[in-house]
Structure formats: structure tokens, C-alpha cells
Amino acid sequence: MPRTMPLSRRRLFSVLSAHSELAVLVGGPFSGKTTLVNTWLATDPCPEMVPVVVPEPAHDVTPETYWATVASSLCNSLGIDEPVAAEDSFDTVCSVLVRHARPVMFVLDGVRAVEAIEDRVGRLLQLGPQVRVVATSRAAGSWTEHVDGHPRRTIVGADDLAFTVDETAALCRLFGLARDERTIEWIIRCTEGFAAFVAAVCATLRAEKPQGGYGTDALDVLIDSAVDLAVMRFVAADPALSWSSRAVLVSAAPDRVTESSISALPYIDDGDEFFAALVGSGLVEAYSVDEETAWCYPEVVRRSLLRVGSAEYPEELWDARSALIDHWLQRSRPDIALEHAVERRDWRCAIDIVAKNWVALYGSGSLRSLGIVLLELLPDDMADDDPTVASLRTITRAQSESEDTGETAFPQSFEAILRLGSLRMQGAYDEAMAMCDGLASEPVPDFEGLDSTTRHAHGLKYLNFGTVYLLGGRTTDAGTMLRHAHTAGRGVFVEREAAGKLALLEALRGRTYEATRWIEEERRHPPILGEAEALVRTAGLAATALVALDRLDTGTAFCALSELGTPGPTEELWAVIMYARARLALLNGVPADGLLYIDSELQHFSHRLTGISAVLVDAARADLHLALGEAGAARELLDGSTHPLTAPARARLRLLGGDPGGAEVIVHRGDAAREHCPAVGAELALIGSVAALRLGRRTDARRHLQRAVVLAEHAGVTRPFVGVPPSAVRDILSLGVELPIDLDSAMAEYGVFREIRVVVRLTPRERAVLDALLAGGTASTIAKEQFVTLNTVKTQLRSLYRKLGVHSREEAIAQARRLVVG
């Protein structure tokens with residue numbers, strides 16, 4: 001493999017020199033770690049320390065053998081005799097360091113294969129500041145445990161090791177090449193900045209000695225040949241891989257390298273052994289997908305292997321992709337199978353996959369990205385002959401497939417679809433809704449007069465719009481668009497997904513009868529094969545959970561949420577799931593568990609905490625904090641909110657905190673929302689009833705309670721009645737209003753909100769005035785008893801009312817009996 005010439009990479013040299021205790025360089029075999037360290041050592045960066053350089057060991061080295069090598073290198077560097085091997089080799093290293101207290105810098109190259117290397121290095125560093133370690137490895141291992149929190153330790157990763165524009169230009173000059181900036185950037189793009197590849201390209205360009213400048217195509221050929229040569233030299237030099245270069249080339253067929261995908265490939269005798277060899281070589285790198293570790297080739301390496309494979313083993317590579325297509329179809333992953341069919345330009349196979357799985361492919365989002373590539377690359381004669389492909393082209397193109405040139409089949413360009421999808425996943429709902437406002441301005445067509453292809457295209461369009469409005473919080477517009485989608489999408493998955501989202505919309509409003517009707521409509525559709533089912537079912541299951549919770553049916557809610565599981569990173573309705581889980585935690589009396597769950601999962605979705613998601617999460621977390629008696633945390637979450645869905649939490653915060661007047665103000669402001677959100681109206685009315693009782697106004701309290709009962713019966717909900725403190729039950733029952741629930745039993749089982757005892761600090765004079773009020777005094781009698789003027793008492797009363805959060809003598813007396821006054 002070509003090595004870089006001595007090049008001062010100052011930005012990395014300074015990092016290695018600054019972290020004087022431990023520096024770990026982590027990167028693949030082409031990242032130039034060893035060359036970088038050797039070049040840095042040549043500058044004599046630590047003249048006061050004795051360098052102990054230990055080369056990369058064999059892949060099957062034992063710990064005892066490795067540390068015996070380290071001990072031997074240490075003694076040679078110190079100029080002392082090696083001790084008699086009467087103890088463990090690592091202990092020998094430690095004892096030499098202790099006896100010969102000279103500053104030592106270990107340079108341990110390629111330590112990936114050394115068992116427990118991280119722990120042993122950690123023990124070396126514990127010996128004191130006279131020990132420093134610089135290590136290189138092809139895997140991160142557990143080095144972060146020894147680096148995190150230590151200012152004198154660092155990890156230099158693959159991104160840091162990649163060559164920059166300036167460094168590539170400097171290397172070109174060392175090779176005697178005069179390169180313009182555009183060529184330098186092109187080299188970095190084609191090599192991804194891997195040091196070995198950049199050096200190989202420079203060597204190739206110098207060997208060519210061109211008379212004139214390169215064209216782009218010629219430069220591409222030279223770069224590709226240089227990268228291919230470097231990759232194949234590495235494969236040939238690795239004893240675990242060199243026995244079958246054909247197997248290595250074939251293994252580049254899957255974009256995800258797993259034990260199962262390798263085992264599915266032909267021409268590989270032992271898939272498990274070969275997979276272990278690939279991982280051990282460092283040729284593939286780990287990455288995280290769905291919170292699990294997977295492996296892949298760096299893209300520049302995979303492209304190189306596929307180029308060489310196509311030239312040397314074309315039939316084997318074709319067979320490998322055929323095997324992968326079958327492999328992924330058997331695992332209900334038509335999206336990955338389609339990728340492989342498109343990659344090998346097997347159009348007939350691709351059409352067959354689409355024809356049999358197009359609903360699952362669109363539902364999973366695959367046709368929103370890969371589909372446009374497939375549909376545009378397909379030869380026209382093949383596309384026109386296939387009805388499924390013709391239908392999809394209608395969906396993804398901005399042109400009409402109808403014979404009537406005056407009829408617009410799908411007035412949304414594919415770019416608009418992609419843009420909307422991108423904005424949705426970013427959480428940019430305001431911008432997405434603005435786009436929808438413009439796109440949805442055209443008249444709604446007569447769906448019955450359209451052919452099924454065009455009608456389904458419109459169904460997808462309106463489903464897209466409705467989802468954007470739902471996530472953005474414009475529920476009325478969302479309902480309109482989703483109903484259009486349900487009508488136009490009849491006969492395909494759009495009909496089911498629209499029904500599920502309409503059910504969710506009604507469930508969030510607390511209209512359980514309407515929600516139940518849409519839930520039943522969603523359930524009459526058969527499940528979709530493969531992973532697309534998990535995407536389509538979310539709205540219906542979330543709606544089922546919310547309806548059950550509103551009816552205090554925690555068992556049904558638990559089953560629905562269990563079936564949903566933890567939302568994945570691409571789940572758009574993640575906040576709805578958290579909202580439902582929070583409500584279940586409240587009814588089960590475990591608010592701390594609910595808060596812990598939301599706070600732990602929220603980090604995965606913080607970049608999408610906007611629109612209706614932000615409202616739902618804030619309302620859920622605020623109520624959980626209130627159930628724990630944490631009024632300050634709830635107040636911080638709700639500060640400035642005016643959304644109807646947070647109104648019950650805001651009113652409850654005032655009520656539990658001893659401010660019934662403030663709670664009643666929020667109740668009155670929220671009255672306008674009761675028609676659209678009757679469950680919210682019922683909950684606010686009940687809180688208003690308790691607030692009026694505490695202000696001594698029983699007539700108003702009874703009126704609030706009667707309205708709560710009417711709204712709850714209209715919505716089909718009972719949960720609002722357990723959203724007040726148990727201490728209010730007796731007062732509520734004393735109003736003589738017939739309730740739709742056994743309040744005593746329900747509060748005993750589900751009541752979690754307790755009074756939050758607020759401490760109010762009064763001056764001695766204010767406390768004396770309050771005591772006189774509690775004893776039945778008036779402003780006049782208090783002035784006479786305390787030998788002050790009436791105006792002085794009135795001033796003190798105003799200050800007292802302000803601190804108590806009340807506006808009258810009666811309210812002050814009622815409030816003082818609930819608060820802790822100091």
C-alpha cells in the first residue's frame with residue numbers, strides 16, 4: 001500500500017502533542033494512522049521522554065505474547081537487560097516502569113487484536129505522569145471509557161484523519177504535482193480523504209506525467225485505478241482474506257454486511273468465518289442502525305470492490321445480487337431487494353418486485369426516493385406495458401397519463417413530494433404547511449369520474465397534505481384533507497392510513513364516538529406485508545390507546561401501546577405515543593416512571609419537537625410533574641402556552657398551587673374550545689367547578705359541573721373526572737349533580753393529583769391583618785384594634801391579596817386555609 005511522504009499535518013500534530021497522557025487514533029486500514037504517528041515522531045515532539053515503539057501484532061496474538069514484546073521493546077529503549085521471565089509479561093512491564101522512573105512514551109500500533117488492551121493501558125497510566133501512551137486501532141473498542149472526562153486524553157477518529165484540501169494540496173506539491181483547487185477537491189471527493197488513497201492517487205498522477213491537463217473522465221479513470229490497486233494490495237496482504245479475493249469482491253454486493261447477508265452469498269464456503277475475517281481486517285466499519293450495530297464497507301472501498309468484481313467476476317457478482325434479492329424478499333424487505341435489482345440494472349426483476357410489493361414499498365417510503373430513480377431509468381416500452389409501473393409514474397411525475405390533455409392527474413411535482421417529506425422529517429411543519437396551502441388551492445376533483453390510477457394518485461396527495469396539517473396542529477384542515485384521502489384512496493393502503501389518522505385526530509380532540517368509528521374502519525383493512533405494516537398501523541393503535549384512556553380502560557390502552565412498542569427514529573407520530581404513555585402512567589399511579597420514559601426517549605426526537613408534537617409532549621410532561629408535586633417544572637413547560645390541549649394542565653397547575661382564581665380565568669378562556677375538543681372542555685369545566693367551590697361560589701361551581709357532565713357524555717369520556725385532587729371529591733358530590741361515574745371509586749383507583757402546598761411569606765403586619773380576617777374582622781375593626789388608619793389597613797390588605805393571589809376578603813380567607821403561611 002502506498003505510504004504518504006513525510007508531511008507536516010500540523011492540526012493533528014498539535015492534537016497528539018497537546019494530549020500528553022493518552023491519544024488513540026481510530027480508523028480503517030486506509031486512514032494513514034501509522035504513517036501519521038511515525039511522521040509526528042520524526043519531529044521529536046517529546047524529547048524528555050523515551051519512545052517505545054511497538055509494531056502491529058499478528059491478528060491471532062495472545063495477550064502474553066504481546067506484552068512480552070512490549071516488555072522487550074521497553075528494556076531495549078531504556079538500555080537495560082530484560083528481567084527473567086518469572087512473572088506475567090504485563091506485570092513485568094509495570095515493574096520495569098516502577099524501578100526505572102524515566103518518562104516513557106509508548107507508541108502501540110494496530111492494537112485492535114490485543115485482548116483487553118484498553119484496560120491494560122489504563123493501568124499503565126495509573127503508574128503516574130511519567131507514562132504516556134499513543135495507540136492506533138481499527139476499532140473504537142472501549143477507549144471512550146478511558147478518555148471521557150480526562151482533559152489530557154483524546155480519541156482522533158476517522159473524520160479527523162481524513163485529508164483536508166490544504167493537506168492534499170501540500171501532498172501534491174511533495175509529489176511534484178501542480179494541481180488546481182478544483183482537481184484537489186475532486187481527488188478528495190473520489191477518495192473520501194482516506195490518506196492511503198490520496199497518496200496512491202498522487203503517486204499515479206506523478207507516474208503518468210501528462211503533457212496537458214486531464215479531462216474529468218481521464219482523471220476519474222486514474223483515480224479509480226489508484227484506489228483499486230490500493231484496495232486489492234491490502235486484500236492480498238491480509239492472510240485471512242488473501243485466500244479468496246473472489247469472496248471479498250462478491251461480499252461487496254450487499255450494502256449492509258451482516259452474517260446473514262454474507263451467508264446468503266454464493267462462492268463463500270463458511271459465511272460466519274468469512275464475516276469474522278472481514279470485521280477483523282478492519283475493511284468494514286461499524287455503524288448504528290435502529291440502535292443496533294451493523295457493518296458496511298466505506299463507500300469508496302465498496303465502489304472499488306464492485307468495479308474490480310464486475311471486471312474479473314461478472315457472473316459471480318450477478319449471482320450474488322440474485323441471491324440477495326431472494327434473501328431480502330424472503331425476509332419481507334422488498335425495499336432492499338429493489339435496491340439490488342436497480343443496482344444491477346435488472347429491470348424485469350425490478351418491475352416484478354414493484355408489481356408484487358408496491359403498497360409496502362410506498363408505505364415504507366422506498367418509492368419516494370429509490371422509486372423515482374427506477375421509474376425514470378426503466379425503458380419506456382417496459383414501463384408502458386406494465387399497469388403498476390404506469391400507476392406509479394402517475395404518482396411520481398408532474399405529467400398526466402390521461403388521454404384527456406385537459407385533465408390533471410397529479411398536480412404535485414415529485415420534487416414537491418420529496419420537499420414535503422423532507423420538511424416533515426425535519427419537523428419544519430410551518431414551512432411544510434405553507435407549501436400545502438399553495439398546493440391544495442386547486443379544486444377537489446370528482447373522484448368517481450377518475451380512473452383508479454389517477455384517483456389513487458390524488459389519494460396519496462391528500463394523505464400527504466393531511467399528515468402535514470395534523471403534525472403542524474391545524475386539525476380542521478387535517479380532517480378535511482384526510483377525508484379526501486380516504487375517499488380517493490379507496491382500494492389501496494391510503495384508505496386505511498387515512499382512516500387511522502382520522503381516528504387519531506378525533507381521539508386527540510376527545511371525541512371518542514367519532515374516533516371509534518374511524519378505528520373500526522381502519523381495522524377492517526387487512527395488514528400489509530413486511531415492515532410497511534408498522535408504519536401504517538401507528539395512527540390506529542395510538543387512537544385506540546387514547547380512546548381507551550379517556551374511558552379509563554387501562555387494560556386496552558396497555559395492549560395497544562405494547563403492540564406499538566418504542567417509537568423508532570423515523571416515526572412521525574412519536575409524540576402521540578409518548579402522550580398516551582404519559583396518560584397511562586398517570587392512571588396507573590406511576591408518574592415518575594412515565595417521566596423517566598419520556599425524558600430518556602425525547603433525546604432521539606428533540607430536533608422534531610415542533611408543531612403538535614411540542615404541544616403534546618409539554619402537556620404530558622407538565623401533568624407528570626404536577627402528579628409528583630413539582631409545580632416549578634410544570635410551570636416552566638407551560639409558560640407562554642395558549643394551545644387548547646395544554647389548557648387543562650395550565651388550569652390544574654393554578655388549582656393545585658392554591659390559585660383557584662387563576663384556574664378559573666383559564667377555564668373561561670378555554671370555553672371556546674369545548675365544541676371542537678369536548679373532552680378538554682369537560683376537564684376544564686370540572687376544574688372550574690372545584691375552583692369556584694374554593695372561592696366560595698357554589699352556584700358557579702354547580703353550573704361548571706353540569707357543563708362538565710354534558711360535555712363528557714357528549715364526548716363519551718370519563719377520564720376528566722379524575723383530573724382533580726381527591727380532596728375535592730366531597731365538595732363536588734355535595735353539589736347534587738348526577739355524574740357519569742362513581743367518583744369515590746374512580747378517584748381511589750386513578751386519582752394522582754395532590755394539593756401542592758405553597759408557602760407564602762408575609763410581613764408581621766400582613767400576618768396580623770390576615771389573623772384578624774380569619775377571626776371575622778373587617779377593615780374598620782382591624783384599624784381600630786391595631787390603632788392604625790383605615791387607609792393603612794387597606795394598603796396592607798392589597799399587599800396581602802396580591803401575595804395570596806386573590807381579589808376579595810372571602811377569597812383570602814379560603815386561600816389562607818389551604819396555604820402554608822409563614
# chains A, B, ... in the order shown; residues from 1 in each chain; ligands from 1
$ residues_around --residues "A:Thr62" --least-positions-apart "3" --cutoff "8 Å" --atoms "only C-alpha atoms" --output "number ranges by chain"
A: 65-66, 114-115
$ select_by_dssp --residues "stretch 157-335 of chain A" --states "helix (DSSP H, G or I)" --output "JSON, numbers by chain"
{"A": [158, 159, 160, 161, 165, 166, 167, 168, 169, 170, 171, 172, 173, 174, 181, 182, 183, 184, 185, 186, 187, 188, 189, 190, 191, 195, 196, 197, 198, 199, 200, 201, 202, 203, 204, 205, 206, 207, 208, 216, 217, 218, 219, 220, 221, 222, 223, 224, 225, 226, 227, 228, 229, 230, 231, 232, 233, 234, 235, 236, 237, 242, 243, 244, 245, 246, 247, 248, 249, 250, 259, 260, 261, 262, 263, 271, 272, 273, 274, 275, 276, 277, 278, 279, 280, 281, 299, 300, 301, 302, 303, 304, 305, 306, 307, 308, 309, 310, 311, 312, 314, 315, 316, 317, 318, 319, 320, 321, 322, 323, 324, 325, 326, 327, 328, 329, 330, 334, 335]}
$ closest_atom_pairs --of "stretch 645-702 of chain A" --to "stretch 793-816 of chain A" --cutoff "8 Å" --atoms "only C-alpha atoms" --output "tab-separated table"
residue	atom	partner	partner_atom	distance
A:Gly658	CA	A:Gln815	CA	6.7
A:Asp659	CA	A:Gly805	CA	6.1
A:Gly661	CA	A:Val806	CA	6.6
A:Gly662	CA	A:Gly805	CA	7.9
A:Arg694	CA	A:Ala814	CA	6.4
A:Leu695	CA	A:Glu811	CA	5.3
A:Gly696	CA	A:Glu810	CA	7.2
$ write_last_selection --atoms "N, CA, C and O atoms" --output "PDB file, in the first residue's frame"
ATOM      1  N   GLY A 658     -52.898  26.439  44.613  1.00  0.00           N
ATOM      2  CA  GLY A 658     -53.590  27.344  45.522  1.00  0.00           C
ATOM      3  C   GLY A 658     -54.039  28.634  44.894  1.00  0.00           C
ATOM      4  O   GLY A 658     -54.214  29.638  45.598  1.00  0.00           O
ATOM      5  N   ASP A 659     -54.247  28.656  43.562  1.00  0.00           N
ATOM      6  CA  ASP A 659     -54.695  29.868  42.881  1.00  0.00           C
ATOM      7  C   ASP A 659     -55.981  29.550  42.115  1.00  0.00           C
ATOM      8  O   ASP A 659     -55.986  29.491  40.889  1.00  0.00           O
ATOM      9  N   GLY A 661     -58.555  31.349  41.559  1.00  0.00           N
ATOM     10  CA  GLY A 661     -58.956  32.441  40.687  1.00  0.00           C
ATOM     11  C   GLY A 661     -58.255  32.365  39.348  1.00  0.00           C
ATOM     12  O   GLY A 661     -58.863  32.527  38.288  1.00  0.00           O
ATOM     13  N   GLY A 662     -56.942  32.101  39.377  1.00  0.00           N
ATOM     14  CA  GLY A 662     -56.193  31.954  38.139  1.00  0.00           C
ATOM     15  C   GLY A 662     -56.664  30.761  37.332  1.00  0.00           C
ATOM     16  O   GLY A 662     -56.714  30.805  36.098  1.00  0.00           O
ATOM     17  N   ARG A 694     -63.811  26.575  45.880  1.00  0.00           N
ATOM     18  CA  ARG A 694     -62.779  27.080  46.785  1.00  0.00           C
ATOM     19  C   ARG A 694     -62.821  28.598  46.912  1.00  0.00           C
ATOM     20  O   ARG A 694     -62.233  29.153  47.847  1.00  0.00           O
ATOM     21  N   LEU A 695     -63.517  29.215  45.985  1.00  0.00           N
ATOM     22  CA  LEU A 695     -63.711  30.663  46.099  1.00  0.00           C
ATOM     23  C   LEU A 695     -65.032  31.000  46.768  1.00  0.00           C
ATOM     24  O   LEU A 695     -65.424  32.165  46.831  1.00  0.00           O
ATOM     25  N   GLY A 696     -65.735  29.952  47.240  1.00  0.00           N
ATOM     26  CA  GLY A 696     -66.981  30.153  47.969  1.00  0.00           C
ATOM     27  C   GLY A 696     -68.177  30.437  47.096  1.00  0.00           C
ATOM     28  O   GLY A 696     -69.181  30.969  47.588  1.00  0.00           O
TER      29      GLY A 696
END
$ atom_distance --atom1 "atom CA of A:Thr453" --atom2 "atom CA of A:Val494"
12.7 Å
